[in-house]
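Notes follow once the structure below has been shown.
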Amino acid sequence: MIDPKVLEDEFHAAQEAVARQGDVVRSLKAQAKEGHVERSAVDEAIEMLKQVKIDMERKQKAYEDATGKTAGANKEAFRAAMTNALERRLFYIPSFKIYGSVAGFYDYGPPGCAMKQNVTQTWRNHFVLEENMLEVECPAVTPEIVLKASGHVDRFTDFMVKDVKTGDCYRADHLLEGTLEAALEDTKAPLSKEAAYEARDLLARVGELGAAELGAALTKYGVKAPDTKNDISDPFPFNLMFKTSIGPRGDMVGYLRPETAQGIFVNFKDLLYYNGSKLPFAAAQIGSSYRNEISPRAGLLRVREFTQAEIEHFVNPADKSHPKFKSVADVAPLLYSRALQMGDEKKPKRIPLGEAVSQGIIANETLAYFIGRTYLFGEKIGLNTERIRFRQHLQHEMAHYAEDCWDFEVECSYGWVECAGLADRSAYDLTAHAGMSKVELNAYERFPEPREEDVLTILPNKKELGKLFKKDAQTIAEALEAMSECDALEMQGKLAAGQAAPLKTGGRTFEMQPGFVEIKKERKKLSGRNFTPGVIEPSFGIGRILYCLFEHAFYTREGDDQRTVFRFTPVTAPVKCTVFPLLQRAELNEKAEAMSAALTRERLSNTVDTTGTTVGKRYARTDEIGVPFAITIDYQTLEDSTATLRERDSTAQVRVPLADLPGLVRRLTDMELSWADVAAQYPAQAPASED
Ligand SMILES: Nc1ncnc2c1ncn2[C@@H]1O[C@H](COP(=O)(O)OP(=O)(O)OP(=O)(O)O)[C@@H](O)[C@H]1O
């Protein structure tokens, strides 16, 4: 195998050749304009540019195939150029900027807001509308008991280390990961075979290391504070939730929710009733979540307040088929299954979802259905489907109750980023909330035929309870009857051994003695059963998706003056159309305003640019925020009521009657029509110079 370093060097050399040839083309073009060189010299140089580009792409691919990474050095330059465009055009802005900003918080500016809204609305249409999901909106401030039940109060922690001199905080696992990756990639001082094996093994387990093991590893690999190279403290757990108090007395602890899902679980009983007590059904929530991330650094990818879009699809655990699975059975996303991750090649593979389920790669149809729908959603909003994959959690990455988990990962300059998690969480969440709230969170299933089964019965001895507990007896009897099977059997065990057993209800604890309650299993004929539904949870982060979309859409236009463009799909583009009066003349401006009003009536966001600068500059400005279509009003418009319509990516133009334009742009935006359809229907217009 060729040394990846050699491949990387070859790729960089090819990149430089492209840049040099780009300069040659630009200079020849300028000279040709002045008549100093023949046009054929420009064409020859452009042909040459194409060749060196093909060579560069081949070398980039060879490097990426050999290392599984996105080609390195230009990543930072690409990201810097893109974030520059995003921040300059106010897609997003560090929050509280005039006060020096606070890490992990961003404001969306006008185009950012519009895009976020478009992505969220597309998500709602694609999932909520399509599946008839029950959408809810719950408060972000959540009382402690809810998050105690879900496990967040005790376990929603990351290990943190501090710079011993400056007190700066870092995520311990991220520091270790960075150090291990650098050690494994270091071609100047390569690790021995054994050391590389150990480092790789540790890297795969970083997320599950306890404090002691993590601390030992940080010491062994000599990890220092990245900014100062000072020593770091031992790792210690840090809970990521923002704590607050509810009410003026300040004695009720609350947290800002770290995910929107819990709001759905606590409403399960009412939602099931709303759905006619029928399963399966799904509920969804879109809203802000809050995590006090230890060291948020990667822009929108890791922030402290972000929008989540979550689905909880409740199913009978005995039947996880999905009625619409057929519609995605032939969809073949890149699947990075456990087996492929452990295999020699370590590469994902396109596998039709029907096959993935029948071969047991994905645990069940419902989970696979959502994987398919997520893939189609990514495609719809304009993510590059070659840079989308679904990575299955390794066994040790999954919570003990989870049956199968896949991350929807999107490749960007930071590597593969988790943009959504899709998990079969079994009945864990509802069981946890039923246990804490003492409210039954069950569904009922009627059997096709009655059947005989062992059934648990709980018979409180009301006479005995009344004598001892007086007015509390009724509450105690009800709490006994509402016990889960697991709690009841535990109590039965204690009472049978002649011991007392505690019963917690309404914030108090009562001691149950033998004889207070009879707990037994009886054989009964049943026509149905109560059960705790399982849940399949697709959980999306809108900000991460948006960021990846920015990266996939950003490019610098061929050759000439390196204009930056976002090739957003019309569905997600922040503004759908710009209207330009060719020159600053009242009669042209008037027509432009009328066109803008007509577009607005079609619910198409649009702007009129009357700045009077060259058309080329105005096109460049709209390309830079990804506006897909532009209408130019010129003197011919005054004569024959037509205008030019330009498409951003091809820069092609057609001449269209004014009356047709709003409807046409509407259909293009809804992707009912392609640009090829439009070009076939209307006469081409020789493009005005874009210089
Ligand atoms: N700090 C964050 N900033 C932005 N989006 C986030 C953040 N944390 C989670 N998300 C989004 O919410 C989705 C679901 O949350 P989940 O709890 O599964 O994330 P996670 O596994 O904790 O993420 P990570 O491991 O990257 O911290 C993620 O796939 C991601 O898109």
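If you're wondering about the labels, chains in the structure tokens are A, B, ... by order shown, residues count from 1 in each chain, ligands from 1 in order shown.
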(Q) I'd like the contact shell of stretch 279-293 of chain A - 8 Å cut-off, only C-alpha atoms, skipping same-chain residues fewer than 6 positions apart - returned as a ChimeraX atom specification. (A) /A:104,128,131-137,140,240-242,256-261,264,271-272,302-316,443
Generate a file of the selected residues that holds N, CA and C atoms, formatted as an mmCIF file, in the first residue's frame.
data_model
loop_
_atom_site.group_PDB
_atom_site.id
_atom_site.type_symbol
_atom_site.label_atom_id
_atom_site.label_comp_id
_atom_site.auth_asym_id
_atom_site.auth_seq_id
_atom_site.Cartn_x
_atom_site.Cartn_y
_atom_site.Cartn_z
ATOM 1 N N GLY A 104 -20.581 28.957 22.212
ATOM 2 C CA GLY A 104 -21.680 27.990 22.157
ATOM 3 C C GLY A 104 -23.042 28.601 21.907
ATOM 4 N N VAL A 128 -43.800 14.655 9.879
ATOM 5 C CA VAL A 128 -45.037 14.807 10.658
ATOM 6 C C VAL A 128 -46.273 14.635 9.774
ATOM 7 N N GLU A 131 -46.594 11.028 8.037
ATOM 8 C CA GLU A 131 -46.921 9.894 8.916
ATOM 9 C C GLU A 131 -48.099 10.201 9.833
ATOM 10 N N ASN A 132 -48.732 11.356 9.637
ATOM 11 C CA ASN A 132 -49.811 11.725 10.549
ATOM 12 C C ASN A 132 -49.374 11.700 12.004
ATOM 13 N N MET A 133 -48.208 12.243 12.257
ATOM 14 C CA MET A 133 -47.686 12.216 13.631
ATOM 15 C C MET A 133 -48.431 13.223 14.495
ATOM 16 N N LEU A 134 -48.428 12.985 15.799
ATOM 17 C CA LEU A 134 -49.066 13.912 16.720
ATOM 18 C C LEU A 134 -47.997 14.884 17.207
ATOM 19 N N GLU A 135 -48.102 16.129 16.768
ATOM 20 C CA GLU A 135 -47.068 17.096 17.146
ATOM 21 C C GLU A 135 -47.442 17.767 18.463
ATOM 22 N N VAL A 136 -46.465 17.923 19.332
ATOM 23 C CA VAL A 136 -46.703 18.599 20.616
ATOM 24 C C VAL A 136 -45.670 19.708 20.802
ATOM 25 N N GLU A 137 -45.968 20.598 21.746
ATOM 26 C CA GLU A 137 -44.989 21.622 22.101
ATOM 27 C C GLU A 137 -45.001 21.746 23.617
ATOM 28 N N ALA A 140 -39.588 24.223 27.899
ATOM 29 C CA ALA A 140 -38.171 23.863 28.027
ATOM 30 C C ALA A 140 -37.801 23.707 29.498
ATOM 31 N N LEU A 240 -24.321 18.148 32.180
ATOM 32 C CA LEU A 240 -24.452 19.132 31.097
ATOM 33 C C LEU A 240 -25.740 19.953 31.150
ATOM 34 N N MET A 241 -26.588 19.683 32.159
ATOM 35 C CA MET A 241 -27.858 20.418 32.164
ATOM 36 C C MET A 241 -27.716 21.776 32.861
ATOM 37 N N PHE A 242 -28.448 22.763 32.319
ATOM 38 C CA PHE A 242 -28.510 24.072 32.971
ATOM 39 C C PHE A 242 -29.549 23.959 34.087
ATOM 40 N N LEU A 256 -33.276 23.289 32.280
ATOM 41 C CA LEU A 256 -33.651 23.486 30.877
ATOM 42 C C LEU A 256 -33.485 22.127 30.215
ATOM 43 N N ARG A 257 -34.487 21.705 29.462
ATOM 44 C CA ARG A 257 -34.453 20.336 28.926
ATOM 45 C C ARG A 257 -33.218 20.121 28.041
ATOM 46 N N PRO A 258 -32.572 18.967 28.195
ATOM 47 C CA PRO A 258 -31.424 18.672 27.333
ATOM 48 C C PRO A 258 -31.857 17.985 26.040
ATOM 49 N N GLU A 259 -33.141 17.633 25.942
ATOM 50 C CA GLU A 259 -33.706 17.048 24.716
ATOM 51 C C GLU A 259 -35.209 17.273 24.789
ATOM 52 N N THR A 260 -35.876 17.205 23.643
ATOM 53 C CA THR A 260 -37.317 17.486 23.664
ATOM 54 C C THR A 260 -38.135 16.223 23.961
ATOM 55 N N ALA A 261 -37.488 15.072 23.873
ATOM 56 C CA ALA A 261 -38.193 13.782 23.938
ATOM 57 C C ALA A 261 -39.032 13.594 25.204
ATOM 58 N N ILE A 264 -42.661 14.360 25.291
ATOM 59 C CA ILE A 264 -43.552 13.404 24.613
ATOM 60 C C ILE A 264 -43.860 12.236 25.547
ATOM 61 N N LEU A 271 -51.791 11.115 24.716
ATOM 62 C CA LEU A 271 -51.613 10.991 23.262
ATOM 63 C C LEU A 271 -52.187 9.675 22.757
ATOM 64 N N LEU A 272 -51.990 8.624 23.548
ATOM 65 C CA LEU A 272 -52.535 7.315 23.152
ATOM 66 C C LEU A 272 -54.067 7.407 23.087
ATOM 67 N N ARG A 302 -21.519 22.204 17.672
ATOM 68 C CA ARG A 302 -21.639 21.925 19.116
ATOM 69 C C ARG A 302 -21.928 23.227 19.833
ATOM 70 N N VAL A 303 -23.199 23.432 20.132
ATOM 71 C CA VAL A 303 -23.610 24.674 20.755
ATOM 72 C C VAL A 303 -24.352 24.372 22.049
ATOM 73 N N ARG A 304 -24.688 25.425 22.782
ATOM 74 C CA ARG A 304 -25.315 25.203 24.089
ATOM 75 C C ARG A 304 -26.836 25.351 24.040
ATOM 76 N N GLU A 305 -27.328 25.948 22.988
ATOM 77 C CA GLU A 305 -28.781 26.006 22.774
ATOM 78 C C GLU A 305 -29.002 25.660 21.312
ATOM 79 N N PHE A 306 -29.827 24.658 21.036
ATOM 80 C CA PHE A 306 -29.996 24.243 19.643
ATOM 81 C C PHE A 306 -31.398 23.682 19.438
ATOM 82 N N THR A 307 -31.793 23.638 18.161
ATOM 83 C CA THR A 307 -33.134 23.142 17.856
ATOM 84 C C THR A 307 -33.078 21.655 17.557
ATOM 85 N N GLN A 308 -33.909 20.928 18.257
ATOM 86 C CA GLN A 308 -34.026 19.498 17.967
ATOM 87 C C GLN A 308 -35.385 19.231 17.324
ATOM 88 N N ALA A 309 -35.426 18.207 16.514
ATOM 89 C CA ALA A 309 -36.693 17.734 15.953
ATOM 90 C C ALA A 309 -36.710 16.247 16.269
ATOM 91 N N GLU A 310 -37.605 15.865 17.170
ATOM 92 C CA GLU A 310 -37.569 14.469 17.648
ATOM 93 C C GLU A 310 -38.897 13.760 17.414
ATOM 94 N N ILE A 311 -38.769 12.481 17.143
ATOM 95 C CA ILE A 311 -39.938 11.640 16.908
ATOM 96 C C ILE A 311 -39.881 10.480 17.888
ATOM 97 N N GLU A 312 -41.013 10.191 18.503
ATOM 98 C CA GLU A 312 -41.106 8.965 19.311
ATOM 99 C C GLU A 312 -42.196 8.126 18.664
ATOM 100 N N HIS A 313 -41.780 7.016 18.076
ATOM 101 C CA HIS A 313 -42.731 6.148 17.377
ATOM 102 C C HIS A 313 -43.011 4.958 18.310
ATOM 103 N N PHE A 314 -44.238 4.905 18.845
ATOM 104 C CA PHE A 314 -44.566 3.880 19.838
ATOM 105 C C PHE A 314 -45.098 2.629 19.146
ATOM 106 N N VAL A 315 -44.553 1.491 19.534
ATOM 107 C CA VAL A 315 -44.945 0.229 18.883
ATOM 108 C C VAL A 315 -45.203 -0.859 19.912
ATOM 109 N N ASN A 316 -45.922 -1.866 19.449
ATOM 110 C CA ASN A 316 -46.034 -3.095 20.222
ATOM 111 C C ASN A 316 -44.681 -3.813 20.074
ATOM 112 N N ALA A 443 -50.318 0.230 26.981
ATOM 113 C CA ALA A 443 -51.311 0.133 25.906
ATOM 114 C C ALA A 443 -51.983 -1.227 26.054
#
Q: Could you tell me, as a PyMOL selection string, which residues of stretch 234-263 of chain A DSSP assigns to strand (DSSP E or B) when given the backbone?
A: chain A and resi 236-239+243-246+252-256
Extract, using only C-alpha atoms, all DNA, RNA and protein residues at most 9 Å from A:Gly612, discarding same-chain residues fewer than 3 positions from it, and format them as a PDB file with C-alpha atoms, in the first residue's frame.
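Resulting contents of around12.pdb:
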ATOM      1  CA  PHE A 580     -33.289  43.441 -10.964  1.00  0.00           C
ATOM      2  CA  PRO A 581     -34.245  46.481 -12.927  1.00  0.00           C
ATOM      3  CA  LEU A 582     -31.368  46.601 -15.454  1.00  0.00           C
ATOM      4  CA  LEU A 583     -30.818  50.305 -14.876  1.00  0.00           C
ATOM      5  CA  GLN A 584     -32.006  52.799 -12.279  1.00  0.00           C
ATOM      6  CA  ASP A 609     -32.087  45.092  -6.061  1.00  0.00           C
ATOM      7  CA  VAL A 615     -25.774  43.130 -13.334  1.00  0.00           C
ATOM      8  CA  ARG A 618     -25.723  41.979  -8.472  1.00  0.00           C
TER       9      ARG A 618
END
Residue contacts of A:Ala679 (7 Å, only C-alpha atoms) excluding same-chain residues fewer than 4 positions away, as a PDB file with C-alpha atoms, in the first residue's frame:
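Saved the output as out_7.pdb:
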ATOM      1  CA  VAL A 654     -34.509  32.392 -20.812  1.00  0.00           C
ATOM      2  CA  TRP A 675     -34.612  24.061 -15.198  1.00  0.00           C
ATOM      3  CA  ALA A 684     -32.830  31.145 -24.497  1.00  0.00           C
TER       4      ALA A 684
END
Q: Please provide as a list in words all residues within 7 Å of stretch 362-373 of chain A, with the sequence filter that same-chain residues fewer than 3 positions apart are discarded (counting only C-alpha atoms).
A: Lys320, Ser321, His322, Phe325, Val328, Val331, Leu353, Ala356, Val357, Leu376, Phe377, Asp404, Asp424 and Ile536 of chain A
Deliver the residues from the most recent selection as a file, using N, CA and C atoms, as a CSV table (one decimal), in the first residue's frame.
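Listed below is the output, again34.csv:
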chain,number,residue,atom,x,y,z
A,320,LYS,N,-42.7,-5.1,15.2
A,320,LYS,CA,-42.1,-3.8,14.8
A,320,LYS,C,-42.1,-3.7,13.3
A,321,SER,N,-43.1,-4.3,12.6
A,321,SER,CA,-43.2,-4.1,11.2
A,321,SER,C,-43.7,-2.7,10.9
A,322,HIS,N,-43.6,-2.2,9.7
A,322,HIS,CA,-44.1,-0.9,9.4
A,322,HIS,C,-44.9,-1.0,8.1
A,325,PHE,N,-43.2,0.2,4.9
A,325,PHE,CA,-41.8,-0.2,4.7
A,325,PHE,C,-41.4,-0.4,3.3
A,328,VAL,N,-39.7,2.2,1.1
A,328,VAL,CA,-38.2,2.5,1.2
A,328,VAL,C,-37.4,1.2,1.0
A,331,VAL,N,-34.6,1.7,-1.3
A,331,VAL,CA,-33.6,2.8,-1.0
A,331,VAL,C,-32.3,2.1,-0.5
A,353,LEU,N,-32.5,-1.3,1.8
A,353,LEU,CA,-33.0,-1.4,3.2
A,353,LEU,C,-33.8,-2.8,3.4
A,356,ALA,N,-31.3,-5.2,4.1
A,356,ALA,CA,-30.6,-5.0,5.4
A,356,ALA,C,-31.5,-5.5,6.5
A,357,VAL,N,-32.9,-5.5,6.3
A,357,VAL,CA,-33.8,-6.0,7.4
A,357,VAL,C,-33.8,-7.5,7.3
A,376,LEU,N,-34.0,10.0,2.5
A,376,LEU,CA,-34.7,10.8,1.5
A,376,LEU,C,-34.8,12.2,1.9
A,377,PHE,N,-35.0,12.5,3.2
A,377,PHE,CA,-35.0,13.8,3.7
A,377,PHE,C,-33.7,14.6,3.4
A,404,ASP,N,-31.1,-1.5,19.1
A,404,ASP,CA,-30.3,-1.2,17.9
A,404,ASP,C,-30.2,0.3,17.7
A,424,ASP,N,-33.7,2.2,18.6
A,424,ASP,CA,-34.8,1.4,19.1
A,424,ASP,C,-34.5,1.3,20.6
A,536,ILE,N,-39.3,3.8,19.1
A,536,ILE,CA,-38.2,4.0,18.1
A,536,ILE,C,-38.1,5.5,18.0
Q.
I'd like to know which residues of stretch 333-530 of chain A are helix (DSSP H, G or I) (by DSSP, run on the backbone); could you write them as number ranges by chain?
A. A: 338-342, 353-358, 365-381, 385-387, 395-397, 428-437, 462-481, 485-496
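Among the candidates A:Ala620, A:Ala14, A:Leu673, A:Met56, the residue lying nearest to A:Thr556 is A:Ala620 (atoms considered: only C-alpha atoms).
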Q: Can you work out which one of A:Pro235, A:Gly421, A:Pro570, A:Pro323 has the shortest atom-to-atom distance to A:Ser539, counting only C-alpha atoms?
A: A:Gly421
Q | Atom pair atom CA of A:Glu8 / atom CA of A:Leu546: separation (Å) | A |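 We find that atom CA of A:Glu8 and atom CA of A:Leu546 lie 29.4 Å from each other.
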(Q) Which residues are close to A:Ala217, i.e. within 10 Å by only C-alpha atoms, leaving aside same-chain residues fewer than 5 positions away? Reply as a PyMOL selection string. (A) chain A and resi 173+176+180+199+202+206+209+211-212+222-223
